[in-house]
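*Asks:* Structure: data-v4.cif, mmCIF, C-alpha atoms.
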```cif
data_structure
#
loop_
_atom_site.group_PDB
_atom_site.id
_atom_site.type_symbol
_atom_site.label_atom_id
_atom_site.label_comp_id
_atom_site.auth_asym_id
_atom_site.auth_seq_id
_atom_site.Cartn_x
_atom_site.Cartn_y
_atom_site.Cartn_z
ATOM 1 C CA MET A 1 7.234 2.424 -7.359
ATOM 2 C CA HIS A 2 7.105 0.984 -3.857
ATOM 3 C CA VAL A 3 9.739 -1.674 -3.102
ATOM 4 C CA ASP A 4 9.780 -4.165 -0.235
ATOM 5 C CA PRO A 5 12.188 -7.065 0.383
ATOM 6 C CA LEU A 6 10.487 -10.465 0.407
ATOM 7 C CA SER A 7 13.516 -12.641 1.176
ATOM 8 C CA ALA A 8 17.258 -12.612 0.590
ATOM 9 C CA GLY A 9 17.857 -11.260 -2.904
ATOM 10 C CA LYS A 10 14.158 -11.052 -3.816
ATOM 11 C CA PHE A 11 12.162 -7.824 -3.938
ATOM 12 C CA HIS A 12 8.522 -6.911 -4.483
ATOM 13 C CA ALA A 13 7.967 -3.847 -6.676
ATOM 14 C CA ALA A 14 4.473 -2.359 -6.815
ATOM 15 C CA PHE A 15 3.554 0.386 -9.274
ATOM 16 C CA PHE A 16 1.291 3.213 -8.180
ATOM 17 C CA ASP A 17 -0.490 3.471 -11.520
ATOM 18 C CA ALA A 18 -0.405 2.363 -15.155
ATOM 19 C CA THR A 19 1.478 5.484 -16.256
ATOM 20 C CA GLU A 20 4.403 4.626 -13.984
ATOM 21 C CA PHE A 21 4.389 1.032 -15.208
ATOM 22 C CA VAL A 22 4.442 2.098 -18.881
ATOM 23 C CA ASP A 23 7.272 4.560 -18.227
ATOM 24 C CA THR A 24 9.349 1.989 -16.326
ATOM 25 C CA TYR A 25 8.903 -0.643 -19.015
ATOM 26 C CA THR A 26 9.738 1.612 -21.963
ATOM 27 C CA ARG A 27 12.631 3.493 -20.329
ATOM 28 C CA GLN A 28 14.206 0.684 -18.309
ATOM 29 C CA ILE A 29 12.966 -2.868 -18.748
ATOM 30 C CA MET A 30 13.068 -2.744 -22.559
ATOM 31 C CA GLN A 31 16.702 -1.629 -22.201
ATOM 32 C CA GLY A 32 17.473 -4.531 -19.874
ATOM 33 C CA THR A 33 17.739 -2.461 -16.700
ATOM 34 C CA LEU A 34 15.631 -1.724 -13.644
ATOM 35 C CA PHE A 35 16.116 0.734 -10.772
ATOM 36 C CA LEU A 36 14.687 -0.280 -7.404
ATOM 37 C CA PRO A 37 14.458 2.712 -5.033
ATOM 38 C CA GLY A 38 15.357 2.154 -1.396
ATOM 39 C CA GLU A 39 18.057 2.611 1.201
ATOM 40 C CA GLU A 40 18.783 -0.877 2.529
ATOM 41 C CA GLY A 41 18.355 -4.595 2.044
ATOM 42 C CA PHE A 42 19.977 -4.855 -1.370
ATOM 43 C CA PRO A 43 22.663 -7.489 -2.058
ATOM 44 C CA ALA A 44 26.188 -6.496 -3.050
ATOM 45 C CA LYS A 45 27.283 -5.517 -6.546
ATOM 46 C CA GLY A 46 27.334 -8.530 -8.862
ATOM 47 C CA ALA A 47 24.952 -10.616 -6.749
ATOM 48 C CA ALA A 48 22.001 -12.406 -8.310
ATOM 49 C CA CYS A 49 18.558 -11.163 -7.342
ATOM 50 C CA ALA A 50 14.941 -11.130 -8.508
ATOM 51 C CA ALA A 51 12.252 -8.461 -8.763
ATOM 52 C CA ILE A 52 8.592 -9.427 -8.606
ATOM 53 C CA LEU A 53 6.661 -6.743 -10.472
ATOM 54 C CA MET A 54 3.067 -6.209 -9.367
ATOM 55 C CA PHE A 55 1.101 -4.830 -12.297
ATOM 56 C CA PRO A 56 -1.342 -1.995 -11.663
ATOM 57 C CA VAL A 57 -5.003 -2.372 -12.723
ATOM 58 C CA ASN A 58 -5.288 -6.173 -12.594
ATOM 59 C CA ASN A 59 -2.791 -7.066 -9.823
ATOM 60 C CA ASP A 60 -1.030 -9.574 -12.084
ATOM 61 C CA ARG A 61 2.656 -10.111 -11.389
ATOM 62 C CA VAL A 62 5.789 -11.540 -12.944
ATOM 63 C CA GLU A 63 9.234 -12.343 -11.591
ATOM 64 C CA LEU A 64 12.293 -10.919 -13.395
ATOM 65 C CA GLN A 65 15.768 -12.347 -12.811
ATOM 66 C CA ALA A 66 18.663 -9.894 -12.535
ATOM 67 C CA THR A 67 22.071 -9.092 -11.111
ATOM 68 C CA VAL A 68 23.005 -6.002 -9.110
ATOM 69 C CA GLU A 69 24.968 -3.663 -11.357
ATOM 70 C CA ARG A 70 25.589 -0.995 -8.718
ATOM 71 C CA ILE A 71 24.161 0.486 -5.532
ATOM 72 C CA SER A 72 23.479 4.210 -5.487
ATOM 73 C CA GLU A 73 24.193 5.752 -2.080
ATOM 74 C CA ASN A 74 23.323 9.280 -3.203
ATOM 75 C CA PRO A 75 19.768 10.404 -3.965
ATOM 76 C CA PRO A 76 17.950 8.781 -5.530
ATOM 77 C CA LYS A 77 19.173 5.890 -3.433
ATOM 78 C CA GLY A 78 18.589 2.343 -4.619
ATOM 79 C CA ALA A 79 19.854 -0.609 -6.622
ATOM 80 C CA HIS A 80 20.499 -0.565 -10.356
ATOM 81 C CA LEU A 81 19.776 -4.013 -11.783
ATOM 82 C CA LYS A 82 20.896 -5.660 -15.003
ATOM 83 C CA LEU A 83 17.995 -7.826 -16.134
ATOM 84 C CA ALA A 84 18.320 -11.252 -17.640
ATOM 85 C CA PRO A 85 16.700 -11.488 -21.122
ATOM 86 C CA LEU A 86 12.933 -11.679 -20.812
ATOM 87 C CA PRO A 87 11.416 -15.003 -21.907
ATOM 88 C CA PRO A 88 9.350 -14.437 -25.100
ATOM 89 C CA GLU A 89 6.073 -15.284 -23.345
ATOM 90 C CA VAL A 90 6.800 -12.768 -20.587
ATOM 91 C CA LYS A 91 7.747 -10.007 -23.012
ATOM 92 C CA SER A 92 4.670 -10.568 -25.171
ATOM 93 C CA GLY A 93 2.442 -10.761 -22.096
ATOM 94 C CA ILE A 94 3.716 -7.475 -20.675
ATOM 95 C CA GLU A 95 3.414 -5.717 -24.023
ATOM 96 C CA ALA A 96 -0.125 -7.031 -24.464
ATOM 97 C CA PHE A 97 -0.940 -5.665 -21.005
ATOM 98 C CA LEU A 98 0.485 -2.265 -21.928
ATOM 99 C CA THR A 99 -1.460 -2.160 -25.196
ATOM 100 C CA GLU A 100 -4.751 -2.916 -23.452
ATOM 101 C CA VAL A 101 -4.117 -0.375 -20.688
ATOM 102 C CA LEU A 102 -3.298 2.360 -23.212
ATOM 103 C CA ARG A 103 -6.527 1.539 -25.031
ATOM 104 C CA GLY A 104 -8.467 1.959 -21.805
ATOM 105 C CA GLU A 105 -9.290 -1.752 -21.605
ATOM 106 C CA SER A 106 -9.147 -4.027 -18.541
ATOM 107 C CA PRO A 107 -6.323 -6.512 -19.125
ATOM 108 C CA PRO A 108 -6.851 -10.138 -18.053
ATOM 109 C CA VAL A 109 -4.433 -11.877 -15.703
ATOM 110 C CA ARG A 110 -1.826 -13.596 -17.885
ATOM 111 C CA PHE A 111 0.797 -14.761 -15.433
ATOM 112 C CA LEU A 112 0.221 -17.249 -12.656
ATOM 113 C CA GLY A 113 2.880 -15.568 -10.553
ATOM 114 C CA THR A 114 5.633 -17.122 -8.505
ATOM 115 C CA SER A 115 3.526 -18.666 -5.763
ATOM 116 C CA ASP A 116 -0.039 -18.929 -7.046
ATOM 117 C CA LYS A 117 0.191 -22.708 -6.826
ATOM 118 C CA ASP A 118 0.433 -22.219 -3.059
ATOM 119 C CA MET A 119 -2.703 -20.071 -2.868
ATOM 120 C CA SER A 120 -5.332 -22.658 -3.755
ATOM 121 C CA ASP A 121 -5.420 -23.959 -0.177
ATOM 122 C CA ILE A 122 -6.421 -20.649 1.446
ATOM 123 C CA ASN A 123 -9.264 -21.325 3.849
ATOM 124 C CA LYS A 124 -12.439 -20.058 2.175
ATOM 125 C CA ALA A 125 -13.629 -18.821 5.562
ATOM 126 C CA LEU A 126 -10.945 -16.136 5.351
ATOM 127 C CA LEU A 127 -12.597 -14.794 2.203
ATOM 128 C CA GLU A 128 -15.949 -14.211 3.863
ATOM 129 C CA ASP A 129 -17.274 -11.229 5.782
ATOM 130 C CA ASP A 130 -18.380 -12.844 9.051
ATOM 131 C CA PRO A 131 -20.011 -10.339 11.450
ATOM 132 C CA GLU A 132 -19.333 -12.542 14.506
ATOM 133 C CA LYS A 133 -15.688 -13.034 13.596
ATOM 134 C CA ASP A 134 -15.326 -9.371 12.654
ATOM 135 C CA GLN A 135 -16.601 -8.342 16.089
ATOM 136 C CA ALA A 136 -14.133 -10.748 17.697
ATOM 137 C CA ILE A 137 -11.271 -9.129 15.778
ATOM 138 C CA LEU A 138 -12.391 -5.680 16.924
ATOM 139 C CA GLN A 139 -12.669 -6.858 20.533
ATOM 140 C CA GLN A 140 -9.238 -8.480 20.311
ATOM 141 C CA GLN A 141 -7.699 -5.223 19.119
ATOM 142 C CA GLN A 142 -9.375 -3.329 21.952
ATOM 143 C CA ASP A 143 -8.451 -5.855 24.660
ATOM 144 C CA GLY A 144 -4.901 -6.394 23.436
ATOM 145 C CA GLY A 145 -5.207 -10.050 22.477
ATOM 146 C CA ALA A 146 -7.860 -11.931 24.441
ATOM 147 C CA ALA A 147 -8.653 -15.499 23.340
ATOM 148 C CA HIS A 148 -11.349 -14.897 20.747
ATOM 149 C CA LYS A 149 -12.301 -16.797 17.620
ATOM 150 C CA SER A 150 -10.154 -14.328 15.703
ATOM 151 C CA ARG A 151 -7.054 -16.066 17.095
ATOM 152 C CA GLY A 152 -7.605 -18.797 14.475
ATOM 153 C CA VAL A 153 -7.587 -16.193 11.711
ATOM 154 C CA TYR A 154 -4.363 -14.713 13.050
ATOM 155 C CA ALA A 155 -2.671 -18.115 13.181
ATOM 156 C CA GLN A 156 -3.670 -18.966 9.626
ATOM 157 C CA VAL A 157 -2.416 -15.658 8.272
ATOM 158 C CA GLN A 158 0.880 -15.945 10.135
ATOM 159 C CA GLU A 159 1.577 -19.270 8.421
ATOM 160 C CA MET A 160 1.215 -17.779 4.927
ATOM 161 C CA ALA A 161 4.010 -16.699 2.619
ATOM 162 C CA ILE A 162 4.045 -13.045 1.539
ATOM 163 C CA PRO A 163 2.514 -13.758 -1.927
ATOM 164 C CA GLN A 164 -0.349 -15.601 -0.204
ATOM 165 C CA LYS A 165 -0.883 -12.689 2.160
ATOM 166 C CA ILE A 166 -1.023 -10.294 -0.790
ATOM 167 C CA LYS A 167 -3.599 -12.509 -2.495
ATOM 168 C CA LEU A 168 -5.644 -12.651 0.714
ATOM 169 C CA ALA A 169 -5.327 -8.871 1.163
ATOM 170 C CA LEU A 170 -6.972 -8.395 -2.237
ATOM 171 C CA THR A 171 -9.759 -10.930 -1.719
ATOM 172 C CA GLY A 172 -10.144 -11.629 1.999
ATOM 173 C CA GLY A 173 -13.005 -10.836 4.349
ATOM 174 C CA LYS A 174 -13.086 -8.164 7.017
ATOM 175 C CA ALA A 175 -11.494 -10.306 9.740
ATOM 176 C CA ALA A 176 -8.613 -11.251 7.455
ATOM 177 C CA ARG A 177 -8.161 -7.606 6.425
ATOM 178 C CA ALA A 178 -7.917 -6.540 10.071
ATOM 179 C CA VAL A 179 -5.213 -9.122 10.773
ATOM 180 C CA LEU A 180 -3.302 -8.292 7.586
ATOM 181 C CA MET A 181 -3.131 -4.613 8.574
ATOM 182 C CA LYS A 182 -0.988 -5.796 11.527
ATOM 183 C CA GLU A 183 1.360 -7.686 9.176
ATOM 184 C CA ALA A 184 5.033 -6.871 9.697
ATOM 185 C CA GLN A 185 5.686 -6.564 5.943
ATOM 186 C CA PRO A 186 4.349 -3.100 4.920
ATOM 187 C CA VAL A 187 3.905 -4.236 1.306
ATOM 188 C CA VAL A 188 0.832 -6.228 2.385
ATOM 189 C CA HIS A 189 -0.987 -3.200 3.789
ATOM 190 C CA GLN A 190 -1.367 -1.365 0.484
ATOM 191 C CA TYR A 191 -3.109 -4.393 -1.034
ATOM 192 C CA VAL A 192 -5.629 -4.439 1.796
ATOM 193 C CA LEU A 193 -6.610 -0.942 0.626
ATOM 194 C CA LYS A 194 -7.200 -2.350 -2.889
ATOM 195 C CA ASN A 195 -9.687 -4.929 -1.617
ATOM 196 C CA PRO A 196 -13.005 -3.990 -3.284
ATOM 197 C CA ARG A 197 -14.954 -4.880 -0.125
ATOM 198 C CA ILE A 198 -13.052 -2.623 2.257
ATOM 199 C CA THR A 199 -15.428 -0.226 4.012
ATOM 200 C CA ASN A 200 -15.218 3.409 5.008
ATOM 201 C CA ASP A 201 -15.306 2.308 8.647
ATOM 202 C CA GLU A 202 -12.140 0.283 8.098
ATOM 203 C CA ILE A 203 -10.450 3.165 6.288
ATOM 204 C CA THR A 204 -11.492 5.482 9.128
ATOM 205 C CA GLU A 205 -9.704 3.272 11.647
ATOM 206 C CA ILE A 206 -6.599 2.873 9.466
ATOM 207 C CA ALA A 207 -6.430 6.641 8.935
ATOM 208 C CA ARG A 208 -6.748 7.232 12.685
ATOM 209 C CA ASN A 209 -4.108 4.690 13.684
ATOM 210 C CA PRO A 210 -0.689 6.364 14.223
ATOM 211 C CA GLY A 211 0.861 2.958 13.580
ATOM 212 C CA SER A 212 -0.280 2.976 9.952
ATOM 213 C CA GLY A 213 2.624 3.300 7.532
ATOM 214 C CA THR A 214 3.385 6.461 5.582
ATOM 215 C CA GLU A 215 2.599 4.750 2.260
ATOM 216 C CA VAL A 216 -0.812 3.612 3.513
ATOM 217 C CA ILE A 217 -1.602 7.137 4.697
ATOM 218 C CA ARG A 218 -0.488 8.513 1.330
ATOM 219 C CA LEU A 219 -2.696 6.084 -0.581
ATOM 220 C CA ILE A 220 -5.711 7.063 1.504
ATOM 221 C CA SER A 221 -4.961 10.770 1.096
ATOM 222 C CA VAL A 222 -4.958 10.583 -2.727
ATOM 223 C CA ASN A 223 -8.266 8.694 -2.879
ATOM 224 C CA GLN A 224 -10.944 11.318 -3.493
ATOM 225 C CA GLN A 225 -13.787 9.051 -2.440
ATOM 226 C CA TRP A 226 -12.277 8.321 0.960
ATOM 227 C CA MET A 227 -11.146 11.895 1.494
ATOM 228 C CA GLY A 228 -14.709 13.009 0.790
ATOM 229 C CA ASP A 229 -15.674 11.423 4.120
ATOM 230 C CA PRO A 230 -15.255 14.128 6.816
ATOM 231 C CA THR A 231 -14.211 11.632 9.498
ATOM 232 C CA ILE A 232 -11.548 10.010 7.320
ATOM 233 C CA ARG A 233 -10.262 13.430 6.270
ATOM 234 C CA TRP A 234 -10.088 14.570 9.902
ATOM 235 C CA ASN A 235 -8.206 11.424 10.911
ATOM 236 C CA ILE A 236 -5.740 11.882 8.056
ATOM 237 C CA ILE A 237 -5.121 15.464 9.153
ATOM 238 C CA ARG A 238 -4.353 14.385 12.732
ATOM 239 C CA ASN A 239 -2.241 11.348 11.843
ATOM 240 C CA PRO A 240 1.462 12.096 12.508
ATOM 241 C CA LYS A 241 2.432 10.064 9.406
ATOM 242 C CA THR A 242 0.595 12.434 7.038
ATOM 243 C CA ASN A 243 2.712 14.757 4.908
ATOM 244 C CA THR A 244 2.753 18.223 6.487
ATOM 245 C CA GLN A 245 2.157 20.047 3.199
ATOM 246 C CA LEU A 246 -0.938 17.945 2.568
ATOM 247 C CA VAL A 247 -2.293 18.747 6.023
ATOM 248 C CA LEU A 248 -1.691 22.471 5.504
ATOM 249 C CA SER A 249 -3.618 22.344 2.217
ATOM 250 C CA LEU A 250 -6.605 20.787 4.012
ATOM 251 C CA LEU A 251 -6.777 23.205 6.958
ATOM 252 C CA PRO A 252 -8.862 25.929 5.240
ATOM 253 C CA LYS A 253 -11.684 23.389 4.791
ATOM 254 C CA LEU A 254 -11.988 22.724 8.528
ATOM 255 C CA GLN A 255 -14.575 24.074 10.915
ATOM 256 C CA VAL A 256 -13.621 26.562 13.623
ATOM 257 C CA SER A 257 -13.898 23.912 16.353
ATOM 258 C CA GLN A 258 -11.500 21.618 14.505
ATOM 259 C CA LEU A 259 -9.024 24.418 13.822
ATOM 260 C CA SER A 260 -9.158 25.405 17.471
ATOM 261 C CA GLN A 261 -8.420 21.844 18.512
ATOM 262 C CA LEU A 262 -5.378 21.694 16.224
ATOM 263 C CA ALA A 263 -4.155 25.116 17.339
ATOM 264 C CA LYS A 264 -4.120 23.946 20.971
ATOM 265 C CA SER A 265 -2.863 20.415 20.350
ATOM 266 C CA ASP A 266 0.547 19.209 21.452
ATOM 267 C CA SER A 267 0.207 16.032 19.384
ATOM 268 C CA VAL A 268 0.464 17.669 15.942
ATOM 269 C CA LYS A 269 3.501 19.259 14.326
ATOM 270 C CA GLY A 270 4.209 22.859 15.262
ATOM 271 C CA ALA A 271 3.776 24.074 11.692
ATOM 272 C CA ILE A 272 0.256 22.645 11.656
ATOM 273 C CA SER A 273 -0.856 24.151 14.972
ATOM 274 C CA GLN A 274 0.621 27.512 13.963
ATOM 275 C CA ALA A 275 -1.146 27.433 10.600
ATOM 276 C CA ALA A 276 -4.438 26.549 12.288
ATOM 277 C CA HIS A 277 -3.978 29.487 14.677
ATOM 278 C CA LYS A 278 -3.347 31.888 11.774
ATOM 279 C CA ILE A 279 -6.484 30.745 9.963
ATOM 280 C CA LEU A 280 -8.516 31.293 13.130
ATOM 281 C CA GLU A 281 -7.086 34.795 13.468
ATOM 282 C CA ALA A 282 -7.923 35.526 9.838
ATOM 283 C CA ARG A 283 -11.506 34.442 10.530
ATOM 284 C CA GLY A 284 -11.634 36.673 13.602
ATOM 285 C CA LYS A 285 -11.595 33.750 16.004
ATOM 286 C CA ARG A 286 -9.286 32.882 18.854
ATOM 287 C CA GLY A 287 -7.315 29.589 18.848
#
```
Would it be possible to restate this file's structure as structure tokens?
*Replies:*
Amino acid sequence: MHVDPLSAGKFHAAFFDATEFVDTYTRQIMQGTLFLPGEEGFPAKGAACAAILMFPVNNDRVELQATVERISENPPKGAHLKLAPLPPEVKSGIEAFLTEVLRGESPPVRFLGTSDKDMSDINKALLEDDPEKDQAILQQQQDGGAAHKSRGVYAQVQEMAIPQKIKLALTGGKAARAVLMKEAQPVVHQYVLKNPRITNDEITEIARNPGSGTEVIRLISVNQQWMGDPTIRWNIIRNPKTNTQLVLSLLPKLQVSQLSQLAKSDSVKGAISQAAHKILEARGKRG
């Protein structure tokens, strides 16, 4: 589960897959509890709060009311919540979702969510892939913010609430996706990756960018289709946010020229450059 604060006392909880969602529901939510992992941003013991659960598979979501039962300062760190009783329609909707997922079916969206009523006014232009606007976004990123047409996209996105940005991340065009990847709330970034229209070129740039968050890098690294692209894989290997153990597992697949570059690089972790040097020695090459 990935947790991000949305506002005071309200948290967004996204599940990595259906298995995690099923386990959390059966072991915690059915018992009236919920553990939100994290190290900061939680209200004090006894305070009211809310958790917005983002379902895997269909990106549906529901808001659960709760109070903070206790804060755990030792690993695993986080907040233990006492949930308010689930409304019957919410309980039946979640259980129907679980049943369909376990059957291998694609569940429909059952809940409107907390802010869907605010999403109907999203400019349809933001949902389109516009080559001219996309090029303006790229130029803006390269120039550091020149006055291009993309400035209008940026302004529109900045005015949105987080739920709107998540909705746009899942459905928006390339220009909107580029702006959303600069969003200050990391929770938005992972939903950009779920957009069915995102391209390998976009993933290549995200994987290369050292400013990409650790969760974004992790999500790219576990996607076999993206990691099958040599350029994306190479960018993931060189990104300082990538888990060192993952990088070490990928080194034997690299060409001699790539290993040599890593062995000589000052921009990668020492364990990585040393491992690259050892592989070169084992192949009878010099780093």
*Asks:* Quick one: everything within 10 Å of Pro108 (chain A), counting all atoms listed in the file, minus sequence neighbours fewer than 2 positions away in the same chain. Send it as a ChimeraX atom specification.
*Replies:* /A:57-60,96-97,100,105-106,110-111
*Asks:* Please write the residues from the selection above to a file, keeping C-alpha atoms, as a short mmCIF file (atom, residue, chain, number, x, y, z; two decimals), in the frame of the given file.
*Replies:*
```cif
data_model
loop_
_atom_site.label_atom_id
_atom_site.label_comp_id
_atom_site.auth_asym_id
_atom_site.auth_seq_id
_atom_site.Cartn_x
_atom_site.Cartn_y
_atom_site.Cartn_z
CA VAL A 57 -5.00 -2.37 -12.72
CA ASN A 58 -5.29 -6.17 -12.59
CA ASN A 59 -2.79 -7.07 -9.82
CA ASP A 60 -1.03 -9.57 -12.08
CA ALA A 96 -0.12 -7.03 -24.46
CA PHE A 97 -0.94 -5.66 -21.00
CA GLU A 100 -4.75 -2.92 -23.45
CA GLU A 105 -9.29 -1.75 -21.60
CA SER A 106 -9.15 -4.03 -18.54
CA ARG A 110 -1.83 -13.60 -17.89
CA PHE A 111 0.80 -14.76 -15.43
#
```
*Asks:* Could you expand the PyMOL selection byres ((chain A and resi 181-183) around 9) into the explicit residues it covers here, written as a short mmCIF file (atom, residue, chain, number, x, y, z; two decimals) with C-alpha atoms, keeping the file's coordinate frame?
*Replies:*
```cif
data_model
loop_
_atom_site.label_atom_id
_atom_site.label_comp_id
_atom_site.auth_asym_id
_atom_site.auth_seq_id
_atom_site.Cartn_x
_atom_site.Cartn_y
_atom_site.Cartn_z
CA VAL A 157 -2.42 -15.66 8.27
CA GLN A 158 0.88 -15.94 10.14
CA LYS A 165 -0.88 -12.69 2.16
CA ALA A 169 -5.33 -8.87 1.16
CA ALA A 176 -8.61 -11.25 7.46
CA ARG A 177 -8.16 -7.61 6.42
CA ALA A 178 -7.92 -6.54 10.07
CA VAL A 179 -5.21 -9.12 10.77
CA LEU A 180 -3.30 -8.29 7.59
CA ALA A 184 5.03 -6.87 9.70
CA GLN A 185 5.69 -6.56 5.94
CA PRO A 186 4.35 -3.10 4.92
CA VAL A 187 3.90 -4.24 1.31
CA VAL A 188 0.83 -6.23 2.38
CA HIS A 189 -0.99 -3.20 3.79
CA GLN A 190 -1.37 -1.36 0.48
CA VAL A 192 -5.63 -4.44 1.80
CA ILE A 206 -6.60 2.87 9.47
CA SER A 212 -0.28 2.98 9.95
#
```
*Asks:* May I ask for the distance between CA of Leu36 (chain A) and CA of His80 (chain A), given in Å to one decimal place?
*Replies:*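 Result for CA of Leu36 (chain A) versus CA of His80 (chain A): 6.5 Å, one decimal.
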*Asks:* Quick check, in Å to one decimal: how far apart do CA of Glu205 (chain A) and CA of Ala263 (chain A) lie?
*Replies:*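 Atom-to-atom, CA of Glu205 (chain A) and CA of Ala263 (chain A) are spaced 23.2 Å apart.
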*Asks:* Which is closer to Glu95 (chain A) than all the others in A:Val216, A:Ala161, A:Leu6, A:Met30, using only C-alpha atoms?
*Replies:* A:Met30
*Asks:* Because the input lacks atoms here, generate all heavy atoms for region 76-83 of chain A and report them as a short mmCIF file (atom, residue, chain, number, x, y, z; two decimals), keeping the file's coordinate frame.
*Replies:*
```
data_model
loop_
_atom_site.label_atom_id
_atom_site.label_comp_id
_atom_site.auth_asym_id
_atom_site.auth_seq_id
_atom_site.Cartn_x
_atom_site.Cartn_y
_atom_site.Cartn_z
N PRO A 76 18.86 9.75 -6.14
CA PRO A 76 17.95 8.78 -5.53
C PRO A 76 18.66 7.49 -5.16
O PRO A 76 19.33 6.88 -6.00
CB PRO A 76 16.92 8.54 -6.64
CG PRO A 76 17.68 8.80 -7.91
CD PRO A 76 18.67 9.88 -7.60
N LYS A 77 18.51 7.08 -3.91
CA LYS A 77 19.17 5.89 -3.43
C LYS A 77 18.44 4.64 -3.92
O LYS A 77 17.22 4.64 -4.06
CB LYS A 77 19.24 5.89 -1.91
CG LYS A 77 20.06 7.04 -1.33
CD LYS A 77 20.12 6.96 0.17
CE LYS A 77 20.98 8.10 0.74
NZ LYS A 77 21.06 8.03 2.23
N GLY A 78 19.21 3.58 -4.18
CA GLY A 78 18.59 2.34 -4.62
C GLY A 78 19.57 1.44 -5.33
O GLY A 78 20.78 1.70 -5.36
N ALA A 79 19.04 0.38 -5.92
CA ALA A 79 19.85 -0.61 -6.62
C ALA A 79 19.56 -0.56 -8.11
O ALA A 79 18.40 -0.57 -8.53
CB ALA A 79 19.57 -2.01 -6.08
N HIS A 80 20.62 -0.51 -8.91
CA HIS A 80 20.50 -0.56 -10.36
C HIS A 80 20.72 -2.01 -10.78
O HIS A 80 21.78 -2.58 -10.53
CB HIS A 80 21.53 0.35 -11.01
CG HIS A 80 21.33 1.80 -10.70
ND1 HIS A 80 20.67 2.66 -11.54
CD2 HIS A 80 21.69 2.53 -9.60
CE1 HIS A 80 20.64 3.87 -11.00
NE2 HIS A 80 21.25 3.82 -9.83
N LEU A 81 19.71 -2.61 -11.40
CA LEU A 81 19.78 -4.01 -11.78
C LEU A 81 20.01 -4.19 -13.28
O LEU A 81 19.53 -3.38 -14.09
CB LEU A 81 18.48 -4.73 -11.41
CG LEU A 81 17.97 -4.60 -9.97
CD1 LEU A 81 16.75 -5.48 -9.78
CD2 LEU A 81 19.05 -4.94 -8.96
N LYS A 82 20.75 -5.22 -13.62
CA LYS A 82 20.90 -5.66 -15.00
C LYS A 82 20.02 -6.88 -15.16
O LYS A 82 20.24 -7.92 -14.54
CB LYS A 82 22.36 -6.02 -15.29
CG LYS A 82 22.61 -6.50 -16.72
CD LYS A 82 22.40 -5.39 -17.73
CE LYS A 82 22.75 -5.85 -19.13
NZ LYS A 82 22.49 -4.79 -20.14
N LEU A 83 18.98 -6.76 -16.00
CA LEU A 83 18.00 -7.83 -16.13
C LEU A 83 18.49 -8.92 -17.06
O LEU A 83 19.16 -8.66 -18.07
CB LEU A 83 16.68 -7.27 -16.67
CG LEU A 83 15.98 -6.20 -15.81
CD1 LEU A 83 14.72 -5.71 -16.52
CD2 LEU A 83 15.63 -6.74 -14.43
#
```
